[in-house]
file query.cif (mmCIF, C-alpha atoms)
data_run
#
loop_
_atom_site.label_atom_id
_atom_site.label_comp_id
_atom_site.auth_asym_id
_atom_site.auth_seq_id
_atom_site.Cartn_x
_atom_site.Cartn_y
_atom_site.Cartn_z
CA MET A 12 41.50 -30.80 6.71
CA ARG A 13 41.41 -27.70 8.81
CA GLY A 14 41.29 -25.52 5.67
CA ALA A 15 38.44 -27.59 4.24
CA VAL A 16 36.31 -27.08 7.37
CA ARG A 17 36.95 -23.35 7.36
CA CYS A 18 36.03 -23.10 3.68
CA ALA A 19 32.82 -25.06 4.27
CA ARG A 20 31.73 -22.74 7.10
CA ILE A 21 32.40 -19.42 5.42
CA PRO A 22 29.95 -19.82 2.54
CA LEU A 23 27.24 -21.02 4.95
CA ARG A 24 27.72 -17.95 7.14
CA TRP A 25 27.64 -15.71 4.08
CA MET A 26 24.47 -17.38 2.86
CA VAL A 27 22.76 -16.86 6.23
CA GLU A 28 23.87 -13.23 6.37
CA ALA A 29 22.75 -12.66 2.78
CA ALA A 30 19.36 -14.28 3.46
CA THR A 31 18.90 -12.19 6.61
CA ALA A 32 19.80 -9.00 4.75
CA ALA A 33 17.42 -9.91 1.92
CA ALA A 34 14.62 -10.53 4.42
CA ARG A 35 15.25 -7.14 6.00
CA ARG A 36 15.13 -5.48 2.58
CA ARG A 37 11.86 -7.24 1.71
CA SER A 38 10.19 -6.33 4.99
CA ALA A 39 11.25 -2.69 4.67
CA ALA A 40 10.39 -2.49 1.00
CA TRP A 41 6.78 -1.41 1.45
CA SER A 42 5.11 1.05 3.75
CA CYS A 43 1.69 1.37 5.30
CA SER A 44 0.19 3.91 7.66
CA ALA A 45 -2.76 4.06 10.03
CA VAL A 46 -4.69 7.10 8.82
CA THR A 47 -8.09 8.77 9.01
CA VAL A 48 -10.33 7.70 6.14
CA THR A 49 -13.64 9.45 5.52
CA VAL A 50 -16.15 6.77 4.55
CA PRO A 51 -19.24 7.95 2.64
CA ALA A 52 -22.67 7.38 4.18
CA GLU A 53 -23.98 3.81 4.12
CA THR A 54 -20.90 2.57 2.31
CA THR A 55 -18.31 -0.14 2.71
CA LEU A 56 -14.91 0.77 1.34
CA GLU A 57 -13.40 -2.57 0.48
CA ALA A 58 -9.77 -3.59 0.78
CA GLY A 59 -8.10 -2.58 -2.45
CA THR A 60 -9.95 0.73 -2.80
CA VAL A 61 -7.67 3.38 -4.28
CA LEU A 62 -7.64 6.47 -2.07
CA GLY A 63 -6.63 10.09 -2.48
CA GLN A 64 -5.77 12.53 0.29
CA LEU A 65 -7.66 15.78 0.83
CA SER A 66 -5.32 18.77 0.78
CA ALA A 67 -7.29 20.75 3.37
CA THR A 68 -7.65 18.06 6.07
CA GLY A 69 -5.12 15.33 5.24
CA LYS A 70 -7.91 12.76 5.46
CA TYR A 71 -8.08 9.94 2.94
CA VAL A 72 -11.09 9.56 0.68
CA PRO A 73 -11.85 7.52 -2.44
CA PHE A 74 -9.73 8.60 -5.43
CA ASP A 75 -11.54 10.83 -7.93
CA GLU A 76 -9.57 12.07 -10.93
CA THR A 77 -12.18 14.77 -11.64
CA ALA A 78 -11.79 16.45 -8.23
CA SER A 79 -9.49 19.37 -7.44
CA ASP A 80 -9.15 19.05 -3.68
CA GLY A 81 -6.27 16.57 -3.45
CA ARG A 82 -8.14 13.35 -4.07
CA GLU A 83 -7.39 13.55 -7.79
CA GLU A 84 -3.94 12.12 -6.98
CA PRO A 85 -3.88 8.56 -5.60
CA ALA A 86 -2.23 8.44 -2.20
CA GLY A 87 -2.49 4.73 -1.47
CA VAL A 88 -4.59 1.58 -1.38
CA LEU A 89 -6.88 0.59 1.49
CA TYR A 90 -5.58 -2.53 3.25
CA ALA A 91 -8.80 -3.73 4.95
CA ASP A 92 -12.51 -3.03 4.68
CA LEU A 93 -14.02 0.01 6.40
CA VAL A 94 -17.78 0.07 7.00
CA ASN A 95 -20.01 3.08 7.59
CA ASP A 96 -23.62 2.09 8.19
CA THR A 97 -24.74 5.56 9.28
CA GLU A 98 -26.63 8.09 7.18
CA SER A 99 -23.76 10.59 7.01
CA PRO A 100 -20.06 10.42 6.14
CA ALA A 101 -17.92 9.19 9.00
CA ASP A 102 -14.22 9.17 9.80
CA ALA A 103 -12.60 5.84 10.58
CA THR A 104 -9.05 4.72 11.23
CA GLY A 105 -7.81 2.57 8.40
CA VAL A 106 -4.54 1.17 7.13
CA VAL A 107 -3.35 2.49 3.79
CA VAL A 108 -0.53 0.95 1.78
CA ASN A 109 1.23 4.00 0.43
CA TYR A 110 4.66 3.07 -0.88
CA GLY A 111 6.60 0.29 -2.54
CA ALA A 112 3.93 -2.39 -2.67
CA GLU A 113 2.94 -4.81 -5.39
CA VAL A 114 -0.78 -5.15 -5.96
CA ARG A 115 -2.93 -7.07 -8.41
CA GLU A 116 -4.54 -4.60 -10.77
CA ALA A 117 -7.63 -6.80 -11.00
CA ASP A 118 -8.17 -6.41 -7.23
CA LEU A 119 -7.96 -2.62 -7.17
CA ILE A 120 -11.29 -0.91 -6.60
CA TRP A 121 -11.96 2.37 -8.35
CA PHE A 122 -14.74 4.05 -6.38
CA ASP A 123 -17.70 5.49 -8.32
CA GLY A 124 -16.29 4.59 -11.71
CA ALA A 125 -12.95 6.38 -11.39
CA ASP A 126 -10.78 5.77 -14.45
CA ASP A 127 -8.00 3.25 -13.81
CA SER A 128 -6.14 4.39 -16.93
CA VAL A 129 -5.60 7.70 -15.13
CA GLY A 130 -5.00 6.23 -11.66
CA LEU A 131 -2.65 3.33 -12.43
CA PRO A 132 0.26 5.46 -13.72
CA LEU A 133 -0.13 7.72 -10.67
CA LEU A 134 -0.04 4.71 -8.33
CA ARG A 135 3.12 3.50 -10.07
CA ALA A 136 4.67 6.91 -9.42
CA LEU A 137 4.12 6.23 -5.69
CA GLY A 138 6.00 2.97 -6.03
CA ILE A 139 2.83 0.87 -5.96
CA LYS A 140 3.08 -1.58 -8.84
#
call {"tool": "encode", "arguments": {"input": "query.cif", "output": "structure tokens"}}
result
Amino acid sequence: MRGAVRCARIPLRWMVEAATAAARRRSAAWSCSAVTVTVPAETTLEAGTVLGQLSATGKYVPFDETASDGREEPAGVLYADLVNDTESPADATGVVVNYGAEVREADLIWFDGADDSVGLPLLRALGIK
């Protein structure tokens, strides 16, 4: 009887440890950062907007595959809306998902007609699937 009790407890402990380890792996599997996002004048950047990062300033701006200033490479996906209701571009603090996330392609926003056939493979290279 003593052996039966011990055998019954060991798998339960292992299952709890395995579930805890799996939860840790899931919570650490993706990354997001609070960053400076430059929002164009009188524009709302919606959650899901694909962003690039300017080489000169490190600020995030909408992805544009035709640019040559850093934003031609996707750097992440905006997590929540950012609103600029002024008449000039403004910097705002936003949260950008930038590694190891799963997103729905249909919910990605390609600002000003950016080409998703160019951007999607580059997002996948970041670990954003």
call {"tool": "closest_residue", "arguments": {"input": "query.cif", "among": "A:Ser128, A:Asn95, A:Gln64, A:Ser79", "to": "Val50 in chain A", "atoms": "all atoms listed in the file"}}
result
A:Asn95
call {"tool": "residues_near_point", "arguments": {"input": "query.cif", "point": "(-11.2, 21.1, -2.5)", "cutoff": "8 Å", "atoms": "all atoms listed in the file", "output": "PDB file with C-alpha atoms, keeping the file's coordinate frame"}}
result
ATOM      1  CA  LEU A  65      -7.660  15.780   0.830  1.00  0.00           C
ATOM      2  CA  SER A  66      -5.320  18.770   0.780  1.00  0.00           C
ATOM      3  CA  ALA A  67      -7.290  20.750   3.370  1.00  0.00           C
ATOM      4  CA  ALA A  78     -11.790  16.450  -8.230  1.00  0.00           C
ATOM      5  CA  SER A  79      -9.490  19.370  -7.440  1.00  0.00           C
ATOM      6  CA  ASP A  80      -9.150  19.050  -3.680  1.00  0.00           C
ATOM      7  CA  GLY A  81      -6.270  16.570  -3.450  1.00  0.00           C
TER       8      GLY A  81
END
call {"tool": "closest_residue", "arguments": {"input": "query.cif", "among": "A:Tyr90, A:Arg82, A:Ala136, A:Ala125", "to": "Glu57 in chain A", "atoms": "all atoms listed in the file"}}
result
A:Tyr90
call {"tool": "closest_residue", "arguments": {"input": "query.cif", "among": "A:Thr104, A:Thr77, A:Thr55, A:Thr49", "to": "Gly130 in chain A", "atoms": "only C-alpha atoms"}}
result
A:Thr77
call {"tool": "atom_distance", "arguments": {"input": "query.cif", "atom1": "CA of Val46 in chain A", "atom2": "CA of Val106 in chain A"}}
result
6.2 Å
call {"tool": "atom_distance", "arguments": {"input": "query.cif", "atom1": "CA of Asp75 in chain A", "atom2": "CA of Gly63 in chain A"}}
result
7.4 Å
call {"tool": "closest_residue", "arguments": {"input": "query.cif", "among": "A:Gly111, A:Gly138, A:Gly105, A:Pro132", "to": "Leu56 in chain A", "atoms": "only C-alpha atoms"}}
result
A:Gly105
call {"tool": "resolve_selection", "arguments": {"input": "query.cif", "expression": "the PyMOL selection byres ((chain A and resi 120) around 9)", "output": "PyMOL selection string"}}
result
chain A and resi 56-61+88+116-119+121-122+125+127
call {"tool": "write_last_selection", "arguments": {"input": "query.cif", "atoms": "C-alpha atoms", "output": "compact mmCIF listing (two decimals), in the coordinates of the input"}}
result
# COMPACT_ATOMS: atom_id res chain seq x y z
CA LEU A 56 -14.91 0.77 1.34
CA GLU A 57 -13.40 -2.57 0.48
CA ALA A 58 -9.77 -3.59 0.78
CA GLY A 59 -8.10 -2.58 -2.45
CA THR A 60 -9.95 0.73 -2.80
CA VAL A 61 -7.67 3.38 -4.28
CA VAL A 88 -4.59 1.58 -1.38
CA GLU A 116 -4.54 -4.60 -10.77
CA ALA A 117 -7.63 -6.80 -11.00
CA ASP A 118 -8.17 -6.41 -7.23
CA LEU A 119 -7.96 -2.62 -7.17
CA TRP A 121 -11.96 2.37 -8.35
CA PHE A 122 -14.74 4.05 -6.38
CA ALA A 125 -12.95 6.38 -11.39
CA ASP A 127 -8.00 3.25 -13.81
call {"tool": "atom_distance", "arguments": {"input": "query.cif", "atom1": "CA of Val129 in chain A", "atom2": "CA of Glu76 in chain A"}}
result
7.2 Å
call {"tool": "resolve_selection", "arguments": {"input": "query.cif", "expression": "the PyMOL selection byres ((chain A and resi 102) around 6)", "output": "VMD selection string"}}
result
chain A and resid 48 to 49 101 103
call {"tool": "axis_aligned_box", "arguments": {"input": "query.cif", "around": "range 103-118 of chain A", "padding_each_side": "6 Å", "output": "JSON"}}
result
{"center_x": -3.0, "center_y": -0.6, "center_z": 0.1, "size_x": 31.2, "size_y": 24.9, "size_z": 34.2}
call {"tool": "resolve_selection", "arguments": {"input": "query.cif", "expression": "the PyMOL selection byres ((chain A and resi 87) around 7)", "output": "list of chain:residue names"}}
result
A:Val61, A:Leu62, A:Gly63, A:Pro85, A:Ala86, A:Val88, A:Leu89, A:Val107, A:Val108, A:Asn109
call {"tool": "write_last_selection", "arguments": {"input": "query.cif", "atoms": "C-alpha atoms", "output": "mmCIF file, in the coordinates of the input"}}
result
data_model
loop_
_atom_site.group_PDB
_atom_site.id
_atom_site.type_symbol
_atom_site.label_atom_id
_atom_site.label_comp_id
_atom_site.auth_asym_id
_atom_site.auth_seq_id
_atom_site.Cartn_x
_atom_site.Cartn_y
_atom_site.Cartn_z
ATOM 1 C CA VAL A 61 -7.670 3.380 -4.280
ATOM 2 C CA LEU A 62 -7.640 6.470 -2.070
ATOM 3 C CA GLY A 63 -6.630 10.090 -2.480
ATOM 4 C CA PRO A 85 -3.880 8.560 -5.600
ATOM 5 C CA ALA A 86 -2.230 8.440 -2.200
ATOM 6 C CA VAL A 88 -4.590 1.580 -1.380
ATOM 7 C CA LEU A 89 -6.880 0.590 1.490
ATOM 8 C CA VAL A 107 -3.350 2.490 3.790
ATOM 9 C CA VAL A 108 -0.530 0.950 1.780
ATOM 10 C CA ASN A 109 1.230 4.000 0.430
#
call {"tool": "closest_residue", "arguments": {"input": "query.cif", "among": "A:Glu53, A:Asp92, A:Val114, A:Ala45", "to": "Leu131 in chain A", "atoms": "only C-alpha atoms"}}
result
A:Val114
call {"tool": "residues_around", "arguments": {"input": "query.cif", "residues": "Pro51 in chain A", "least_positions_apart": "6", "cutoff": "10 Å", "atoms": "all atoms listed in the file", "output": "PyMOL selection string"}}
result
chain A and resi 72-73+94-102
call {"tool": "closest_residue", "arguments": {"input": "query.cif", "among": "A:Ala91, A:Ser42, A:Gly69, A:Ile139", "to": "Arg115 in chain A", "atoms": "all atoms listed in the file"}}
result
A:Ile139
